[in-house]
Every structure is written in C-alpha cells, then in structure tokens.
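Have a look at my_file_1.cif; it's mmCIF, C-alpha atoms:
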```cif
data_entry
loop_
_atom_site.label_atom_id
_atom_site.label_comp_id
_atom_site.auth_asym_id
_atom_site.auth_seq_id
_atom_site.Cartn_x
_atom_site.Cartn_y
_atom_site.Cartn_z
CA MET A 113 58.93 120.11 88.59
CA SER A 114 59.32 121.59 92.04
CA THR A 115 62.81 122.93 92.65
CA PRO A 116 64.62 122.15 95.91
CA GLU A 117 65.09 125.15 98.15
CA ASN A 118 68.47 126.87 97.66
CA VAL A 119 68.96 125.45 94.15
CA LEU A 120 67.75 128.55 92.33
CA ASP A 121 69.70 130.82 94.64
CA ILE A 122 73.12 129.17 94.42
CA ASP A 123 76.05 131.01 92.86
CA ILE A 124 77.20 128.57 90.22
CA GLY A 125 80.40 130.51 89.58
CA ASP A 126 82.18 130.56 86.26
CA PRO A 127 82.15 127.73 83.72
CA PRO A 128 85.34 125.68 83.37
CA GLY A 129 88.31 127.46 81.83
CA GLU A 130 91.27 126.14 79.86
CA TRP A 131 92.49 122.55 79.95
CA SER A 132 96.03 121.65 81.01
CA GLY A 133 98.00 118.50 80.34
CA ILE A 134 98.65 115.81 82.94
CA GLN A 135 100.77 112.66 82.80
CA PRO A 136 99.66 110.51 79.84
CA ILE A 137 98.32 107.00 80.32
CA ALA A 138 100.51 103.97 79.61
CA SER A 139 99.30 103.30 76.05
CA VAL A 140 97.01 104.70 73.34
CA LEU A 141 93.40 103.69 73.99
CA ASP A 142 89.75 104.45 73.36
CA PHE A 143 86.48 103.03 74.69
CA MET A 144 87.89 102.33 78.16
CA SER A 145 86.08 102.94 81.46
CA ILE A 146 86.93 105.17 84.39
CA SER A 147 85.50 104.90 87.90
CA PRO A 148 85.98 106.78 91.19
CA LEU A 149 88.07 105.25 93.96
CA PRO A 150 88.29 106.48 97.56
CA GLY A 151 90.86 109.13 98.41
CA GLY A 152 90.51 111.27 95.29
CA LYS A 153 91.64 108.55 92.88
CA ALA A 154 90.22 106.97 89.72
CA LEU A 155 90.51 103.52 88.11
CA LEU A 156 90.98 103.33 84.32
CA VAL A 157 90.17 99.89 82.88
CA GLY A 158 90.58 98.20 79.50
CA GLY A 159 90.04 99.94 76.18
CA LYS A 160 91.01 99.25 72.58
CA ASP A 161 94.50 99.91 71.19
CA SER A 162 95.52 101.16 67.74
CA ASP A 163 95.59 97.59 66.36
CA GLY A 164 92.03 96.97 67.56
CA ASN A 165 93.14 94.72 70.40
CA PRO A 166 91.42 94.91 73.80
CA SER A 167 93.68 96.03 76.64
CA VAL A 168 94.16 93.94 79.79
CA GLY A 169 95.62 96.91 81.63
CA SER A 170 94.28 99.05 84.44
CA GLN A 171 95.76 102.20 85.95
CA ILE A 172 95.02 104.39 88.94
CA TYR A 173 95.08 108.19 88.73
CA ASP A 174 95.83 110.24 91.85
CA ALA A 175 94.50 113.78 91.58
CA SER A 176 96.80 114.98 94.37
CA THR A 177 99.91 114.13 92.33
CA GLY A 178 98.55 114.23 88.79
CA GLU A 179 100.15 110.84 88.13
CA TRP A 180 99.05 107.40 86.93
CA GLN A 181 100.24 104.18 88.54
CA PRO A 182 99.79 100.66 87.10
CA SER A 183 97.37 98.34 88.88
CA ALA A 184 96.49 94.67 88.47
CA GLU A 185 95.90 93.40 84.93
CA MET A 186 92.77 91.55 83.87
CA GLU A 187 93.15 88.02 82.50
CA PHE A 188 91.38 89.05 79.29
CA GLY A 189 91.16 92.53 77.79
CA ARG A 190 87.85 94.20 77.06
CA TYR A 191 86.32 97.45 75.81
CA LEU A 192 82.83 98.94 75.48
CA HIS A 193 82.14 97.42 78.90
CA THR A 194 80.56 99.17 81.89
CA ALA A 195 82.15 100.04 85.24
CA ASN A 196 80.35 100.90 88.48
CA ALA A 197 81.90 101.86 91.80
CA LEU A 198 80.61 99.79 94.74
CA SER A 199 80.01 101.08 98.26
CA ASN A 200 83.13 99.37 99.66
CA GLY A 201 85.46 101.00 97.12
CA ASP A 202 85.59 98.05 94.72
CA VAL A 203 84.61 98.42 91.03
CA LEU A 204 82.32 96.08 89.04
CA ILE A 205 83.05 95.54 85.32
CA THR A 206 80.41 93.96 83.07
CA GLY A 207 80.42 92.66 79.50
CA GLY A 208 82.15 94.32 76.56
CA TRP A 209 84.13 93.18 73.54
CA GLY A 210 87.11 90.88 73.90
CA ALA A 211 89.63 89.57 71.35
CA ASP A 212 88.27 88.77 67.87
CA PHE A 213 85.02 90.56 68.76
CA ALA A 214 84.04 87.92 71.29
CA ALA A 215 81.41 89.46 73.55
CA PHE A 216 81.51 88.80 77.29
CA ARG A 217 78.78 87.82 79.71
CA SER A 218 81.45 87.57 82.38
CA THR A 219 81.98 90.21 85.04
CA LEU A 220 85.01 91.31 87.02
CA ARG A 221 85.35 92.95 90.41
CA TYR A 222 88.42 95.02 91.24
CA ASP A 223 89.43 94.48 94.87
CA LEU A 224 90.99 97.79 95.82
CA ALA A 225 92.49 96.61 99.12
CA ALA A 226 94.28 93.65 97.51
CA ASP A 227 94.88 95.20 94.05
CA LEU A 228 93.54 92.16 92.24
CA TRP A 229 90.66 91.12 90.00
CA ILE A 230 87.99 88.70 91.26
CA GLN A 231 85.56 86.81 88.99
CA PRO A 232 82.02 87.32 90.30
CA ALA A 233 78.88 85.66 88.95
CA PRO A 234 78.33 86.27 85.21
CA MET A 235 75.37 88.04 83.65
CA SER A 236 72.63 85.98 82.02
CA VAL A 237 73.64 87.04 78.47
CA THR A 238 76.58 88.58 76.64
CA ARG A 239 76.37 92.36 76.30
CA VAL A 240 78.27 95.09 74.44
CA ALA A 241 77.40 98.82 74.36
CA HIS A 242 74.95 98.25 77.22
CA LYS A 243 74.41 100.61 80.16
CA ALA A 244 74.64 100.10 83.91
CA VAL A 245 73.66 102.33 86.84
CA THR A 246 73.80 102.05 90.62
CA LEU A 247 70.35 101.92 92.21
CA HIS A 248 69.54 103.61 95.51
CA ASN A 249 69.78 100.26 97.33
CA GLY A 250 73.31 99.62 96.00
CA GLY A 251 72.29 97.11 93.33
CA ILE A 252 73.61 97.48 89.77
CA LEU A 253 70.97 97.62 87.02
CA VAL A 254 72.20 96.51 83.58
CA ALA A 255 69.88 97.13 80.64
CA GLY A 256 69.99 96.57 76.90
CA GLY A 257 73.13 96.26 74.82
CA TRP A 258 74.05 94.30 71.73
CA ALA A 259 74.66 90.55 71.23
CA GLY A 260 74.19 90.00 67.51
CA ASP A 261 71.00 92.04 67.79
CA PRO A 262 69.88 94.80 70.16
CA LEU A 263 68.86 93.45 73.56
CA ALA A 264 65.73 94.15 75.61
CA SER A 265 66.74 92.14 78.68
CA SER A 266 67.62 93.71 82.02
CA GLU A 267 69.13 92.30 85.20
CA ILE A 268 70.26 93.49 88.62
CA TYR A 269 73.44 92.52 90.46
CA ASP A 270 73.51 92.32 94.26
CA PRO A 271 77.11 92.99 95.40
CA ASP A 272 76.43 91.50 98.85
CA SER A 273 75.20 88.12 97.63
CA ASP A 274 77.13 88.04 94.31
CA GLU A 275 73.93 87.15 92.50
CA TRP A 276 72.16 88.39 89.40
CA ARG A 277 68.39 88.33 88.97
CA SER A 278 66.49 89.01 85.79
CA VAL A 279 63.92 91.80 85.84
CA GLY A 280 61.39 93.03 83.29
CA ASP A 281 62.52 93.50 79.70
CA LEU A 282 62.72 96.89 78.08
CA ASN A 283 59.71 97.45 75.84
CA VAL A 284 62.12 98.37 73.03
CA ALA A 285 65.46 96.59 72.56
CA ARG A 286 68.31 99.11 72.41
CA PHE A 287 72.04 99.81 72.70
CA ASP A 288 74.13 103.00 72.85
CA HIS A 289 71.27 104.53 74.85
CA SER A 290 71.50 106.37 78.17
CA LEU A 291 70.38 105.38 81.68
CA THR A 292 69.84 107.99 84.39
CA VAL A 293 68.75 107.37 87.98
CA LEU A 294 65.94 109.75 88.94
CA PRO A 295 65.66 111.38 92.40
CA ASP A 296 62.90 108.95 93.42
CA GLY A 297 65.06 105.90 92.54
CA ARG A 298 63.45 105.06 89.21
CA VAL A 299 65.65 104.84 86.10
CA LEU A 300 65.15 106.63 82.77
CA ALA A 301 66.26 104.87 79.55
CA VAL A 302 66.51 107.21 76.56
CA GLY A 303 67.03 106.65 72.84
CA GLY A 304 69.70 104.36 71.46
CA GLU A 305 69.78 102.17 68.38
CA GLY A 306 67.16 99.47 67.97
CA ILE A 307 66.41 96.49 65.75
CA GLY A 308 66.97 97.14 62.05
CA ASP A 309 69.45 99.99 62.68
CA VAL A 310 66.56 102.23 63.75
CA ARG A 311 67.57 105.30 65.76
CA LEU A 312 65.16 105.51 68.67
CA ALA A 313 63.08 108.33 70.13
CA SER A 314 61.61 105.78 72.58
CA VAL A 315 61.89 106.49 76.32
CA GLU A 316 61.11 104.16 79.24
CA VAL A 317 61.18 104.27 83.03
CA PHE A 318 62.21 101.36 85.28
CA ASP A 319 60.57 101.09 88.70
CA PRO A 320 62.64 99.06 91.21
CA ALA A 321 59.50 98.52 93.28
CA THR A 322 57.89 96.48 90.50
CA ASP A 323 60.94 95.48 88.42
CA GLU A 324 59.08 96.66 85.32
CA TRP A 325 59.71 99.14 82.50
CA THR A 326 56.97 101.56 81.40
CA GLU A 327 57.04 103.58 78.19
CA VAL A 328 56.74 107.34 78.65
CA ALA A 329 56.65 110.32 76.30
CA PRO A 330 59.23 109.98 73.49
CA LEU A 331 61.95 112.39 72.48
CA ALA A 332 61.17 114.95 69.80
CA GLN A 333 64.35 113.83 68.02
CA SER A 334 65.49 110.21 67.83
CA ARG A 335 69.15 109.83 68.80
CA PHE A 336 71.90 107.54 70.07
CA GLU A 337 75.47 108.05 71.33
CA HIS A 338 74.18 111.16 73.13
CA SER A 339 75.04 112.29 76.66
CA ALA A 340 72.70 112.56 79.64
CA GLY A 341 72.74 113.97 83.15
CA LEU A 342 70.59 114.61 86.21
CA MET A 343 70.18 118.36 86.72
CA PRO A 344 70.09 120.01 90.17
CA ASP A 345 66.31 120.43 89.99
CA GLY A 346 65.74 116.70 89.32
CA ARG A 347 65.13 116.94 85.58
CA VAL A 348 67.19 114.97 83.02
CA ILE A 349 69.10 116.65 80.21
CA ILE A 350 69.75 114.81 76.91
CA VAL A 351 72.43 116.34 74.69
CA GLY A 352 73.51 115.87 71.08
CA GLY A 353 74.15 112.44 69.57
CA TRP A 354 73.54 111.02 66.12
CA GLU A 355 70.44 110.24 64.09
CA VAL A 356 71.19 110.35 60.36
CA ILE A 357 72.98 113.62 61.00
CA TYR A 358 75.11 114.92 63.85
CA LEU A 359 72.93 116.66 66.43
CA SER A 360 73.29 119.83 68.48
CA SER A 361 69.76 119.70 69.89
CA VAL A 362 69.02 119.36 73.60
CA GLU A 363 65.90 118.03 75.33
CA ILE A 364 64.98 118.05 79.03
CA TYR A 365 62.67 115.54 80.75
CA ASP A 366 60.63 116.40 83.82
CA PRO A 367 59.85 113.16 85.74
CA GLU A 368 57.01 114.84 87.68
CA THR A 369 55.05 115.80 84.56
CA GLY A 370 56.41 113.12 82.24
CA GLU A 371 56.96 115.79 79.60
CA TRP A 372 59.89 116.87 77.42
CA THR A 373 60.88 120.45 76.65
CA GLN A 374 63.25 121.69 74.00
CA ALA A 375 66.26 123.51 75.44
CA ALA A 376 68.85 125.73 73.79
CA SER A 377 71.03 123.84 71.30
CA MET A 378 74.77 123.48 71.67
CA ASN A 379 76.99 125.74 69.58
CA GLU A 380 78.35 122.68 67.75
CA THR A 381 76.90 119.39 66.60
CA ARG A 382 78.55 116.48 68.41
CA THR A 383 78.30 112.77 69.12
CA ARG A 384 80.66 110.36 70.90
CA HIS A 385 81.40 113.32 73.13
CA GLN A 386 81.42 113.21 76.92
CA GLY A 387 78.90 115.03 79.07
CA MET A 388 78.57 115.36 82.82
CA GLN A 389 76.70 117.34 85.42
CA LEU A 390 79.15 119.48 87.39
CA ALA A 391 78.83 120.26 91.09
CA ASN A 392 78.22 123.94 90.30
CA SER A 393 75.15 123.00 88.20
CA TYR A 394 76.60 123.46 84.72
CA PHE A 395 76.20 120.52 82.33
CA HIS A 396 79.60 120.19 80.65
CA VAL A 397 80.36 118.55 77.30
CA SER A 398 83.77 117.98 75.76
CA GLY A 399 85.12 116.75 72.44
CA GLY A 400 83.23 114.39 70.16
CA ILE A 401 82.82 114.31 66.42
CA GLY A 402 80.46 116.53 64.40
CA ASP A 403 79.92 118.39 61.16
CA ASP A 404 83.38 119.93 61.34
CA GLY A 405 85.21 116.69 62.20
CA ILE A 406 86.83 115.81 65.52
CA ILE A 407 86.04 118.48 68.10
CA ARG A 408 88.42 120.32 70.42
CA SER A 409 85.92 122.62 72.10
CA SER A 410 84.00 122.21 75.36
CA GLU A 411 80.69 123.85 76.22
CA ALA A 412 78.75 124.37 79.45
CA TYR A 413 74.96 124.60 79.77
CA ASP A 414 73.52 126.99 82.36
CA TRP A 415 70.07 125.62 83.21
CA GLN A 416 69.09 128.85 84.98
CA THR A 417 69.42 130.88 81.77
CA ASP A 418 68.88 128.05 79.23
CA SER A 419 72.09 128.95 77.44
CA TRP A 420 75.38 127.39 76.34
CA GLY A 421 78.73 129.08 76.69
CA PRO A 422 82.36 128.21 75.91
CA ALA A 423 84.11 126.10 78.55
CA GLY A 424 87.68 125.98 77.28
CA ASN A 425 89.30 124.09 74.44
CA LEU A 426 90.80 120.66 74.95
CA ARG A 427 94.51 120.63 74.27
CA GLN A 428 93.81 117.87 71.76
CA ALA A 429 90.59 117.33 69.78
CA ARG A 430 89.25 113.86 70.59
CA PHE A 431 86.25 111.51 70.61
CA GLY A 432 85.76 108.08 72.16
CA HIS A 433 87.63 109.41 75.19
CA THR A 434 86.55 109.02 78.79
CA VAL A 435 86.07 111.66 81.47
CA MET A 436 85.47 111.83 85.20
CA ILE A 437 84.88 114.44 87.89
CA MET A 438 87.41 114.05 90.69
CA ASP A 439 86.68 114.65 94.37
CA ASN A 440 88.25 118.11 94.16
CA GLY A 441 85.76 119.10 91.43
CA ASP A 442 88.23 118.96 88.56
CA VAL A 443 87.50 117.02 85.38
CA ILE A 444 89.99 114.71 83.67
CA ALA A 445 89.75 113.64 80.00
CA VAL A 446 91.72 110.59 78.91
CA GLY A 447 92.65 108.91 75.63
CA GLY A 448 90.35 108.67 72.64
CA PHE A 449 90.68 109.11 68.89
CA THR A 450 92.32 112.23 67.45
CA ASP A 451 93.16 113.58 64.00
CA SER A 452 96.41 111.61 64.18
CA GLY A 453 94.90 108.39 65.56
CA LEU A 454 94.53 107.06 69.09
CA THR A 455 96.21 109.00 71.86
CA ARG A 456 97.58 108.32 75.33
CA SER A 457 97.33 111.99 76.32
CA ALA A 458 95.32 113.13 79.32
CA GLU A 459 94.26 116.56 80.49
CA THR A 460 92.37 118.32 83.26
CA VAL A 461 90.25 121.42 83.78
CA THR A 462 89.10 123.15 86.94
CA ALA A 463 85.34 122.78 87.08
CA ARG A 464 84.41 123.96 90.54
CA PRO A 465 82.91 127.37 91.37
CA GLN A 466 85.52 130.14 91.30
#
```
Exercise: express the given structure as structure tokens:
Amino acid sequence: MSTPENVLDIDIGDPPGEWSGIQPIASVLDFMSISPLPGGKALLVGGKDSDGNPSVGSQIYDASTGEWQPSAEMEFGRYLHTANALSNGDVLITGGWGADFAAFRSTLRYDLAADLWIQPAPMSVTRVAHKAVTLHNGGILVAGGWAGDPLASSEIYDPDSDEWRSVGDLNVARFDHSLTVLPDGRVLAVGGEGIGDVRLASVEVFDPATDEWTEVAPLAQSRFEHSAGLMPDGRVIIVGGWEVIYLSSVEIYDPETGEWTQAASMNETRTRHQGMQLANSYFHVSGGIGDDGIIRSSEAYDWQTDSWGPAGNLRQARFGHTVMIMDNGDVIAVGGFTDSGLTRSAETVTARPQ
C-alpha cells in the first residue's frame, strides 16, 4: 500500500515505559466500556462485579487530576456492551448482558451536558459481544454479536434522527470479532466465533456506499478475542487471540491489495488482552491471558522494523480490563480479572514520543 508522505520519516520515539497507579475505580469490575469525553476526560460504563451482577454505575476520569468522579447511573446494569463517542460529546451504549443473562436490544445515550441517560431507539435485535464503529459520516455501524446463536445482521444508527436502519448481513455470522474502519471509509470485519463454536479465519469488508458486505482473503490463522488496529500507513494489524490454543501470531491486511502478510509474533501468547494504535505509531498490547496464565507484561510493535519490544509491566497482571488513550497521549488501564479475582485498580503509562 502507498505510504503517506512523512509517515516513514517520523521519529516515533521510545515505546511506553513503566506503569504507575492512579485512583482506583469505585468497585471491582470487568467487561465494562470506556469512551473519550471532551476536555481530556473518559467515561467508564457498566461492567460485571465479582458476584456476576451487571453494574449500573458510570464514572468519569479526568486525566489532569488523575481522579474518578461518579456520574449518572443507568436504570439497568449491563456488560459486554459497546460504547461509541458521538460528535457532540455524548456517548452511545448498545446491547450487552443484563441481570440473569438477559440480553439487551435497548440502547442508551449519555448526555454529557446534563449528566443523565436518555433512552434512544432500540436496535432491531438483542446483541452481546457484538462490535460497533463510527463511520466517516458519523453513523454507528453495529455488526454481529450473539443472541442464542452468532448473528449475521448489521444495522446503522443515525444520531441526528435517532433512527436505526438495517443493512446487508455479514456473509458469516460471528461474535468476539474485530471491526476496523479503513482510510477510505469501508469497514473490515475479522475473525470471531461462528456457528457451531467454529473459530473463524473469515474476513469481510463493508462498503457504506452499497450497504453490503463482501468476503475478502481470509486470515492464515483463525482466531477470536484478538486485538486490531489501523496502522499509520493504512494497513490493519491483527494480534493474538484464541483458536484452540493461545496465539502470539500477528497478521497485517493491506486494503489496497486485499492481501495478508505474516508479521513478527509477540513475545508472549495472549488473548482477552487490550491493543491500541498509539499516536507515535507503535501498536501497544497489555495484559491478557496466555500459556503462562494471567499476563502482567506489555509489548509494543514497531511497524517500521517489524519487531516487538517490551513496553513496561503492568503493576497488576490482568485480563478482561479496559484501556483508553487520553488526549495527552497517556494510556489508562482499568479493572479486569487478576490472580486474586476482580480488581478496582487502575494505572497509567506515558505513551507519547519522548
């Protein structure tokens, strides 16, 4: 794929260093969501507590103070939902598990200015472990998920009209997959788990111009619960996950050629980790679970040298946590499952060029 001018010449600086603790969240949780808010803040929503109950709580983190403040509670708790920041600063929540494993088709919209939850139009079906991305026109594409069986359906939410419309089905029903918006506005769906507990190598591309999914070249290695990110040169990196073993392998998709290449593997196998593309072009992964149990390490991938290097150890090994890049370039990691059970601890690492 052609590389934008100045991308190959940038000084990406050093990978992230050591993690440091910040104020813990209000209660022990995993499988919550975190979304950016204006002004260098983040909204943490829902999650599952140590008794398996969904949380109704939400909290706001302020990177300038390193502190969490309570925000409005939801009427019903949920986890394994999705959260997408809207252009006006609000946050859209879709689906997820509720109490007694009741799946939601309902959605919620956090009104930042009023600090309250609004009930927008519901999705067409219940969804858990689905994925949602923001399209270039501001719409929210929701695809796949689980509702007794893996789902193939997709739909798009228009925040301006508060309406959902169904679009073309995925060719292969899936959940615990990844969705990545490509530079040209199309969306790449990768892997996941399909009907009959099959781990998928299947890959598809959604075109907003036609509202249809098209199958493209598959992965070399089927996987789900992996991480994915858009690299600075427009390619998509797929990292780790689970097949019938924990994976350390990495594959990179070029949307211009439609081809996959094998990249350097991570130093550790990991799934249920968190991965993100940093502003300085490293792809950063933290935590997870792998061959050696719950993982404390972090690694950073340098796409210019096709190599992984250490990126600091978490203060606490964890998986099922959530992470976010703040406006100042730092990364926060929150909650998750540890060797001693669920945790309320949170930590941060400097992830901007030094």
What is the distance between CA of Val254 in chain A and CA of Gly159 in chain A, in Å to one decimal? 19.6 Å
Where does range 247-364 of chain A meet range 399-407 of chain A within 10 Å, residue by residue, with the nearest atom pair and distance in Å to one decimal for each, counting all atoms listed in the file, listed by chain and rising number, as a Markdown table?
```
| residue | atom | partner | partner_atom | distance |
| --- | --- | --- | --- | --- |
| A:Gly352 | CA | A:Gly402 | CA | 9.7 |
| A:Gly353 | CA | A:Gly402 | CA | 9.1 |
| A:Trp354 | CA | A:Gly402 | CA | 9.0 |
| A:Ile357 | CA | A:Asp403 | CA | 8.4 |
| A:Tyr358 | CA | A:Gly402 | CA | 5.6 |
| A:Leu359 | CA | A:Gly402 | CA | 7.8 |
| A:Ser360 | CA | A:Gly402 | CA | 8.9 |
```
Hey, can you spit out that residue selection with C-alpha atoms as a compact mmCIF listing (two decimals), in the frame of the given file?
```txt
# COMPACT_ATOMS: atom_id res chain seq x y z
CA GLY A 352 73.51 115.87 71.08
CA GLY A 353 74.15 112.44 69.57
CA TRP A 354 73.54 111.02 66.12
CA ILE A 357 72.98 113.62 61.00
CA TYR A 358 75.11 114.92 63.85
CA LEU A 359 72.93 116.66 66.43
CA SER A 360 73.29 119.83 68.48
```
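Considering the residues A:Arg408, A:Lys153, A:Arg286, A:Arg298 and counting all atoms listed in the file, Thr450 in chain A has its shortest atom-to-atom contact with A:Arg408.
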What do you get, as a PyMOL selection string, if you spell out every residue that the PyMOL selection byres ((chain A and resi 245) around 9) selects here? chain A and resi 195-196+243-244+246-247+251-255+291-293+299
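Among the candidates A:Leu312, A:Val284, A:Ala175, A:Ala412, the residue lying nearest to Val351 in chain A is A:Ala412 (atoms considered: all atoms listed in the file).
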